[in-house]
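To keep things clear, I will list the structure first and then write my remarks on it.
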Amino acid sequence: MVGEKKQIGQLLMESGLLTDVQLNEALTYQREHGVVLGKAVVSMGLVPERELLKVLGDHLGLPSLDITKYNIQDEALMEVSEDFAREYSIIPLFLIENTLTIATADPLNIDVIDQLSRDTGMEIMLVLSIEMDIERSIDLYYRSTTSLAQTQAAGDDVRVVSREIHEDAEVVQVVDMLLFEAVNMGASDIHIEPRKHDARIRYRVDGVLQQYYSIPSDSVSPMISRIKILADMDIAESRRPQDGRFHFEQKNVAVDLRCSTFPTPNGEKVVMRILDESKGKIDLHKLGFDGDILKLWRETIKTSNGILLVTGPTGSGKTTTLYATLNTLNSVAVNIMTIEDPIEYMLDNINQSQVNNRAGLTFSAALRTMMRQDPDIILVGEMRDVETIEMAIRAALTGHLVFSTLHTNDASSTFTRLMDMGVDTYLVSSTVRAILAQRLLRLLCPRCKKPIEKSDELKKILKLEQWPEYASVHKPVGCIHCRNSGYVGRTGVFELLIPNQEVKDLVIKGADAGEIEEAAVRNGMYSLNEAAREYVLRGKTSIDEIMRVTL
């Protein structure tokens, strides 16, 4: 293993991608986080993963492949279990006679290749691919293959998305089935909505609600009672909203669910938010950051004090970004404390606390107490009021690094929002170190997306003077693998505003968001609209999707 580290490091240095100092930093990161050196340099933002694969490919004589555009054989998938593929981040691509070709981001892991060869009895050929693309392909192909097999075994018409849950089904089994399928589909929320004669069940998948089941009216009340029991709610109370939480575990699925009820004329509506703990441990480089923005963000979060804000609407991935950031900073040398409402994911070796208004533990009260706990880094779930903001500013001025969120449309309007709330402009300009605005874009299904003609009308919509050479615009179609939605998975798009002196002066003068944005763009800020447009030009998402999310 030591030889491999030296080999990769030497290759990267010879290619001019790493300096001697950076290599030593990466080796330290590798030891602290227990990862291979290649993953360390990518996670630190020192080398883009695509460049790393190119260097390894040239050295080892292996081809690279964009597997998001490749149609994987079902026969090849059957040779490797999903668990094995996930554990080692590999995916089989195709099978020719006695040779199985797999995609990997770590071609130096000889033990995995030998294990595959022994298990399959075949010769293993390698191609290189980006780890995030491999993980998305595992989600897409294994999930769709399993779902299709189950559907065919049940004799269902595979084109039908909604189906009825019969009255004679056991309530416990029905609830377990709904939860299990929602997690396997990657849903973030489950909605149970009573209607006059039945109830519909919708899953929010990739940020969009889709209907999957209907339930007979006689089954609605027992099902809601079952969920209330799981979430430790009062099953006798149906006239007022209730909140609860419970843990669900079945087969290879283990998640927490946050549950909320709301009375309607037809009965209680229930919404369950799925809190998958693995999402709180995701690496920054897997969130969709552009390489330059990721590098700037990694540099900025290493500052010793100040306020760093992540902004965007509800459901735009702000919490995931903050958790990934804290995981990057987490070490034995720093004391990280959080106050959240609620705690979505438990983080190892980070002191987390939850707002409890009945006990007087508000954001501002918690911040005041945290200051006596010798923190280095503080996370405030949301800047909800002036008192919380003023406490955060005080913490920043006394040498602490404070992370928090705000609901604003873009980075520049964050300054005006803080000023509108009554915060002194000088304090805002002197403490806010960076603002990261973000959205989540759905990615086109690689199996069914279709190219569209590059017309003048499209060029006008995308605000282009001329089409770049690499432009390849696609549209969603829909197939069994994406459940007729045309999209599979999501990625983040980001806008990072690091205020220079010009921006700070504008803030002090009380300038509007437009002026601040113009100054930031002049100084190199890459806007949300530009980032989203790039995904369209590269055929990864659709024009309709960026208009839905960023406009």
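Following the order of the structure tokens, chains are lettered A, B, ..., residues in each are numbered from 1, and ligands are numbered from 1.
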
Would you pick out the contacts of Leu53 in chain A at 8 Å or less, using only C-alpha atoms, so that residues sharing its chain but fewer than 5 positions from it are not included, and give the list as a PDB file with C-alpha atoms, in the first residue's frame?
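To be explicit, this is the file written out as around_32.pdb:
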```pdb
ATOM      1  CA  SER A  64     -11.645   6.087 -19.588  1.00  0.00           C
ATOM      2  CA  ALA A 105     -12.280   4.704 -10.033  1.00  0.00           C
ATOM      3  CA  LEU A 128     -11.804   4.051 -15.614  1.00  0.00           C
ATOM      4  CA  SER A 129     -14.774   6.179 -14.623  1.00  0.00           C
ATOM      5  CA  ILE A 130     -15.611   8.890 -12.104  1.00  0.00           C
TER       6      ILE A 130
END
```

Report the closest atom pair, with its distance in Å rounded to one decimal, for each residue of range 325-427 of chain A that has an atom no farther than 9 Å from range 488-510 of chain A; count only C-alpha atoms, sort by chain and then rising residue number, and write it as a tab-separated table.
```
residue	atom	partner	partner_atom	distance
A:Asp410	CA	A:Glu495	CA	7.6
A:Ala411	CA	A:Leu497	CA	6.2
A:Ser412	CA	A:Leu497	CA	7.4
A:Phe415	CA	A:Val507	CA	6.9
A:Thr416	CA	A:Gly510	CA	7.6
A:Met419	CA	A:Gly510	CA	7.7
A:Asp424	CA	A:Ile508	CA	8.5
A:Thr425	CA	A:Ile508	CA	4.9
A:Tyr426	CA	A:Ile508	CA	5.5
A:Leu427	CA	A:Ile508	CA	8.8
```

Selection export as an mmCIF file, in the first residue's frame, atoms kept: N, CA and C atoms:
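Output (part-v5.cif):
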```cif
data_model
loop_
_atom_site.group_PDB
_atom_site.id
_atom_site.type_symbol
_atom_site.label_atom_id
_atom_site.label_comp_id
_atom_site.auth_asym_id
_atom_site.auth_seq_id
_atom_site.Cartn_x
_atom_site.Cartn_y
_atom_site.Cartn_z
ATOM 1 N N ASP A 410 -30.407 34.244 -4.102
ATOM 2 C CA ASP A 410 -29.039 34.181 -4.600
ATOM 3 C C ASP A 410 -28.106 34.756 -3.548
ATOM 4 N N ALA A 411 -26.807 34.736 -3.849
ATOM 5 C CA ALA A 411 -25.814 35.154 -2.865
ATOM 6 C C ALA A 411 -25.894 36.646 -2.574
ATOM 7 N N SER A 412 -26.034 37.471 -3.613
ATOM 8 C CA SER A 412 -26.001 38.925 -3.417
ATOM 9 C C SER A 412 -27.194 39.435 -2.608
ATOM 10 N N PHE A 415 -27.050 39.821 1.443
ATOM 11 C CA PHE A 415 -26.635 41.053 2.121
ATOM 12 C C PHE A 415 -27.831 41.965 2.376
ATOM 13 N N THR A 416 -28.670 42.162 1.353
ATOM 14 C CA THR A 416 -29.825 43.048 1.517
ATOM 15 C C THR A 416 -30.826 42.462 2.507
ATOM 16 N N MET A 419 -29.561 43.287 5.951
ATOM 17 C CA MET A 419 -29.747 44.711 6.229
ATOM 18 C C MET A 419 -31.220 45.045 6.472
ATOM 19 N N ASP A 424 -26.625 46.084 11.356
ATOM 20 C CA ASP A 424 -25.758 47.180 10.940
ATOM 21 C C ASP A 424 -24.900 46.774 9.737
ATOM 22 N N THR A 425 -24.861 47.628 8.714
ATOM 23 C CA THR A 425 -24.149 47.290 7.476
ATOM 24 C C THR A 425 -22.660 47.054 7.714
ATOM 25 N N TYR A 426 -22.062 47.811 8.636
ATOM 26 C CA TYR A 426 -20.635 47.647 8.903
ATOM 27 C C TYR A 426 -20.357 46.270 9.506
ATOM 28 N N LEU A 427 -21.239 45.813 10.396
ATOM 29 C CA LEU A 427 -21.052 44.495 11.000
ATOM 30 C C LEU A 427 -21.209 43.394 9.971
#
```

Show which residues sit within 8 Å of Ala532 in chain A, as JSON, numbers by chain. Count only C-alpha atoms, and ignore same-chain residues fewer than 2 positions away.
{"A": [441, 493, 528, 529, 530, 534, 535, 536, 546, 550]}

Please dump the current selection as a tab-separated table (two decimals), in the first residue's frame; keep C-alpha atoms.
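Output (out.tsv):
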```tsv
chain	number	residue	atom	x	y	z
A	441	LEU	CA	-31.04	20.10	-10.53
A	493	VAL	CA	-25.36	23.95	-8.73
A	528	LEU	CA	-26.23	30.16	-10.49
A	529	ASN	CA	-27.75	30.68	-13.93
A	530	GLU	CA	-24.36	30.20	-15.60
A	534	GLU	CA	-23.50	24.57	-18.32
A	535	TYR	CA	-25.39	21.41	-17.30
A	536	VAL	CA	-27.81	21.98	-20.20
A	546	ILE	CA	-33.18	24.92	-15.11
A	550	THR	CA	-33.20	28.76	-11.16
```

Give me the residues within 8 Å of Met383 in chain A as a short mmCIF file (atom, residue, chain, number, x, y, z; two decimals) with N, CA and C atoms, in the first residue's frame, counting only C-alpha atoms and dropping any in the same chain fewer than 4 places off.
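To be explicit, this is the file written out as result-v6.cif:
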```
data_model
loop_
_atom_site.label_atom_id
_atom_site.label_comp_id
_atom_site.auth_asym_id
_atom_site.auth_seq_id
_atom_site.Cartn_x
_atom_site.Cartn_y
_atom_site.Cartn_z
N THR A 388 -30.65 36.21 16.86
CA THR A 388 -29.74 35.12 16.48
C THR A 388 -28.60 35.64 15.62
N ILE A 389 -28.92 36.51 14.67
CA ILE A 389 -27.89 37.07 13.79
C ILE A 389 -26.88 37.88 14.60
N SER A 404 -24.09 29.03 8.89
CA SER A 404 -25.54 29.08 9.04
C SER A 404 -26.20 29.13 7.67
N THR A 405 -27.55 29.15 7.67
CA THR A 405 -28.32 29.20 6.42
C THR A 405 -29.30 30.36 6.44
N LEU A 406 -29.68 30.78 5.24
CA LEU A 406 -30.72 31.79 5.04
C LEU A 406 -31.54 31.40 3.82
#
```

Determine the nearest neighbour of Pro222 in chain A from the options A:Asn305, A:Gly267, A:Ile110, A:Gln210, counting only C-alpha atoms.
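Ranking A:Asn305, A:Gly267, A:Ile110, A:Gln210 by distance to Pro222 in chain A, first place goes to A:Gly267.
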
Taking the DSSP secondary structure from the backbone, can you list the residues of range 233-331 of chain A that are helix (DSSP H, G or I), as an MDAnalysis selection string?
chainID A and resid 277:281 284:286 291:300 318:329

Have a look at A:Val183, A:Ala333, A:Ile201, A:Ala395 and name the one nearest to Asp276 in chain A; count only C-alpha atoms.
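Of A:Val183, A:Ala333, A:Ile201, A:Ala395, the one nearest Asp276 in chain A, counting only C-alpha atoms, is A:Val183.
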
If you run DSSP on the backbone, which residues of range 250-400 of chain A are strand (DSSP E), as a ChimeraX atom specification?
/A:250,253-264,267-275,306-311,336-340,351-354,377-380

Now that the selection is made, can you save its residues with N, CA and C atoms as a compact mmCIF listing (two decimals), in the first residue's frame?
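Result written to again.txt:
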```
# COMPACT_ATOMS: atom_id res chain seq x y z
N GLN A 250 -35.20 -2.51 7.93
CA GLN A 250 -35.67 -3.73 7.29
C GLN A 250 -34.69 -4.14 6.21
N VAL A 253 -32.05 -1.77 4.73
CA VAL A 253 -32.52 -0.38 4.86
C VAL A 253 -32.58 0.01 6.33
N ALA A 254 -31.97 1.12 6.69
CA ALA A 254 -32.03 1.64 8.06
C ALA A 254 -32.01 3.16 8.00
N VAL A 255 -33.16 3.78 8.32
CA VAL A 255 -33.28 5.23 8.25
C VAL A 255 -34.11 5.75 9.42
N ASP A 256 -33.99 7.04 9.69
CA ASP A 256 -34.89 7.71 10.61
C ASP A 256 -35.94 8.47 9.80
N LEU A 257 -37.12 8.59 10.35
CA LEU A 257 -38.19 9.33 9.68
C LEU A 257 -38.77 10.37 10.62
N ARG A 258 -38.90 11.58 10.12
CA ARG A 258 -39.56 12.66 10.87
C ARG A 258 -40.99 12.76 10.35
N CYS A 259 -41.94 12.67 11.26
CA CYS A 259 -43.35 12.53 10.88
C CYS A 259 -44.17 13.73 11.35
N SER A 260 -45.09 14.17 10.50
CA SER A 260 -45.95 15.31 10.83
C SER A 260 -47.37 15.01 10.36
N THR A 261 -48.38 15.31 11.21
CA THR A 261 -49.78 15.16 10.81
C THR A 261 -50.44 16.53 10.74
N PHE A 262 -51.47 16.61 9.89
CA PHE A 262 -52.19 17.88 9.72
C PHE A 262 -53.66 17.58 9.44
N PRO A 263 -54.60 18.11 10.27
CA PRO A 263 -56.02 17.79 10.09
C PRO A 263 -56.61 18.43 8.83
N THR A 264 -57.40 17.65 8.08
CA THR A 264 -58.14 18.16 6.92
C THR A 264 -59.58 17.66 7.03
N GLY A 267 -59.79 13.90 6.81
CA GLY A 267 -58.96 13.13 7.71
C GLY A 267 -57.59 13.76 7.87
N GLU A 268 -56.69 13.06 8.51
CA GLU A 268 -55.36 13.61 8.78
C GLU A 268 -54.40 13.33 7.62
N LYS A 269 -53.77 14.39 7.16
CA LYS A 269 -52.70 14.24 6.17
C LYS A 269 -51.40 13.97 6.92
N VAL A 270 -50.61 13.03 6.42
CA VAL A 270 -49.34 12.67 7.05
C VAL A 270 -48.20 12.88 6.06
N VAL A 271 -47.16 13.51 6.54
CA VAL A 271 -45.93 13.64 5.74
C VAL A 271 -44.78 13.07 6.55
N MET A 272 -44.01 12.19 5.93
CA MET A 272 -42.84 11.61 6.59
C MET A 272 -41.59 12.00 5.81
N ARG A 273 -40.67 12.67 6.47
CA ARG A 273 -39.38 13.02 5.86
C ARG A 273 -38.38 11.91 6.17
N ILE A 274 -37.76 11.36 5.12
CA ILE A 274 -36.80 10.28 5.28
C ILE A 274 -35.41 10.87 5.52
N LEU A 275 -34.84 10.53 6.65
CA LEU A 275 -33.53 11.05 7.03
C LEU A 275 -32.51 9.91 6.93
N GLY A 306 -15.31 34.39 11.45
CA GLY A 306 -16.23 34.99 10.50
C GLY A 306 -17.48 34.16 10.33
N ILE A 307 -18.37 34.63 9.44
CA ILE A 307 -19.64 33.95 9.17
C ILE A 307 -19.64 33.46 7.73
N LEU A 308 -19.97 32.20 7.53
CA LEU A 308 -20.13 31.61 6.20
C LEU A 308 -21.57 31.14 6.07
N LEU A 309 -22.27 31.65 5.06
CA LEU A 309 -23.69 31.37 4.90
C LEU A 309 -23.94 30.51 3.67
N VAL A 310 -24.86 29.55 3.81
CA VAL A 310 -25.34 28.76 2.68
C VAL A 310 -26.81 29.13 2.48
N THR A 311 -27.17 29.55 1.28
CA THR A 311 -28.52 30.06 1.05
C THR A 311 -29.22 29.29 -0.07
N ILE A 336 -16.33 21.38 17.48
CA ILE A 336 -17.44 21.80 16.61
C ILE A 336 -18.75 21.59 17.36
N MET A 337 -19.58 22.65 17.42
CA MET A 337 -20.87 22.57 18.10
C MET A 337 -21.97 23.06 17.16
N THR A 338 -23.15 22.44 17.26
CA THR A 338 -24.26 22.84 16.40
C THR A 338 -25.53 23.05 17.21
N ILE A 339 -26.40 23.91 16.72
CA ILE A 339 -27.77 24.04 17.22
C ILE A 339 -28.67 23.99 15.99
N GLU A 340 -29.56 22.99 15.95
CA GLU A 340 -30.35 22.72 14.75
C GLU A 340 -31.83 22.56 15.10
N ASN A 351 -20.55 17.93 18.41
CA ASN A 351 -21.52 18.14 19.49
C ASN A 351 -22.76 18.82 18.94
N GLN A 352 -23.83 18.03 18.77
CA GLN A 352 -25.06 18.55 18.17
C GLN A 352 -26.14 18.74 19.22
N SER A 353 -26.93 19.79 19.03
CA SER A 353 -28.05 20.08 19.93
C SER A 353 -29.25 20.53 19.11
N GLN A 354 -30.45 20.32 19.68
CA GLN A 354 -31.68 20.63 18.96
C GLN A 354 -32.48 21.70 19.68
N ILE A 377 -15.70 26.03 16.04
CA ILE A 377 -16.62 26.15 14.90
C ILE A 377 -18.05 25.95 15.41
N ILE A 378 -18.95 26.83 14.96
CA ILE A 378 -20.35 26.77 15.39
C ILE A 378 -21.24 26.68 14.15
N LEU A 379 -22.21 25.78 14.20
CA LEU A 379 -23.23 25.71 13.15
C LEU A 379 -24.57 26.12 13.75
N VAL A 380 -25.17 27.16 13.19
CA VAL A 380 -26.51 27.59 13.57
C VAL A 380 -27.44 27.18 12.43
```

Residue with the minimum atom-to-atom distance to Ala520 in chain A, picked from A:Phe363, A:Ala434, A:Asp374, A:Asn335 with only C-alpha atoms counted, is A:Ala434

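Using only C-alpha atoms, the smallest distance between any of A:Val42, A:Leu326, A:Tyr29, A:Ala366 and Asp341 in chain A comes from A:Ala366.
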
Between CA of Thr101 in chain A and CA of Ile72 in chain A, what distance in Å does the model show, to one decimal?
10.5 Å

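Residue nearest Met44 in chain A, chosen from A:Gly539, A:Gly422, A:Gly291, A:Gly381 and counting only C-alpha atoms: A:Gly291.
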
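For the set A:Gly61, A:Thr541, A:Ile393, A:Ile452, the residue with the smallest atom-to-atom gap to Ser429 in chain A is A:Ile393, counting only C-alpha atoms.
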
Could you name the residues that touch Gly514 in chain A at 9 Å or less, counting only C-alpha atoms, but leaving out those on the same chain fewer than 3 positions away, as an MDAnalysis selection string?
chainID A and resid 412:413 511 517:519

Could the residues in this selection be saved with N, CA and C atoms as a short mmCIF file (atom, residue, chain, number, x, y, z; two decimals), in the first residue's frame?
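That gives us out_24.cif:
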```
data_model
loop_
_atom_site.label_atom_id
_atom_site.label_comp_id
_atom_site.auth_asym_id
_atom_site.auth_seq_id
_atom_site.Cartn_x
_atom_site.Cartn_y
_atom_site.Cartn_z
N SER A 412 -26.03 37.47 -3.61
CA SER A 412 -26.00 38.93 -3.42
C SER A 412 -27.19 39.44 -2.61
N SER A 413 -28.37 38.83 -2.78
CA SER A 413 -29.55 39.29 -2.04
C SER A 413 -29.47 38.93 -0.55
N ALA A 511 -26.14 49.34 -0.76
CA ALA A 511 -26.48 49.11 -2.17
C ALA A 511 -27.48 47.96 -2.31
N GLU A 517 -24.37 42.16 -7.02
CA GLU A 517 -24.14 41.05 -7.93
C GLU A 517 -23.25 41.47 -9.10
N GLU A 518 -23.49 42.65 -9.66
CA GLU A 518 -22.67 43.13 -10.77
C GLU A 518 -21.20 43.23 -10.35
N ALA A 519 -20.97 43.77 -9.15
CA ALA A 519 -19.60 43.90 -8.65
C ALA A 519 -18.97 42.52 -8.45
#
```

Report as an MDAnalysis selection string all protein, DNA and RNA residues lying within 12 Å of Ile113 in chain A, evaluated on only C-alpha atoms, omitting residues in the same chain fewer than 2 positions from it.
chainID A and resid 80 84:85 88:92 100:104 106:111 115:126

Please provide as a ChimeraX atom specification all residues within 12 Å of Asp58 in chain A, with the sequence filter that same-chain residues fewer than 5 positions apart are discarded (counting only C-alpha atoms).
/A:11-12,15,51-53,63-64,127-128

Could you please determine the separation between CA of Pro216 in chain A and CA of Asp198 in chain A in Å, to one decimal place?
4.7 Å
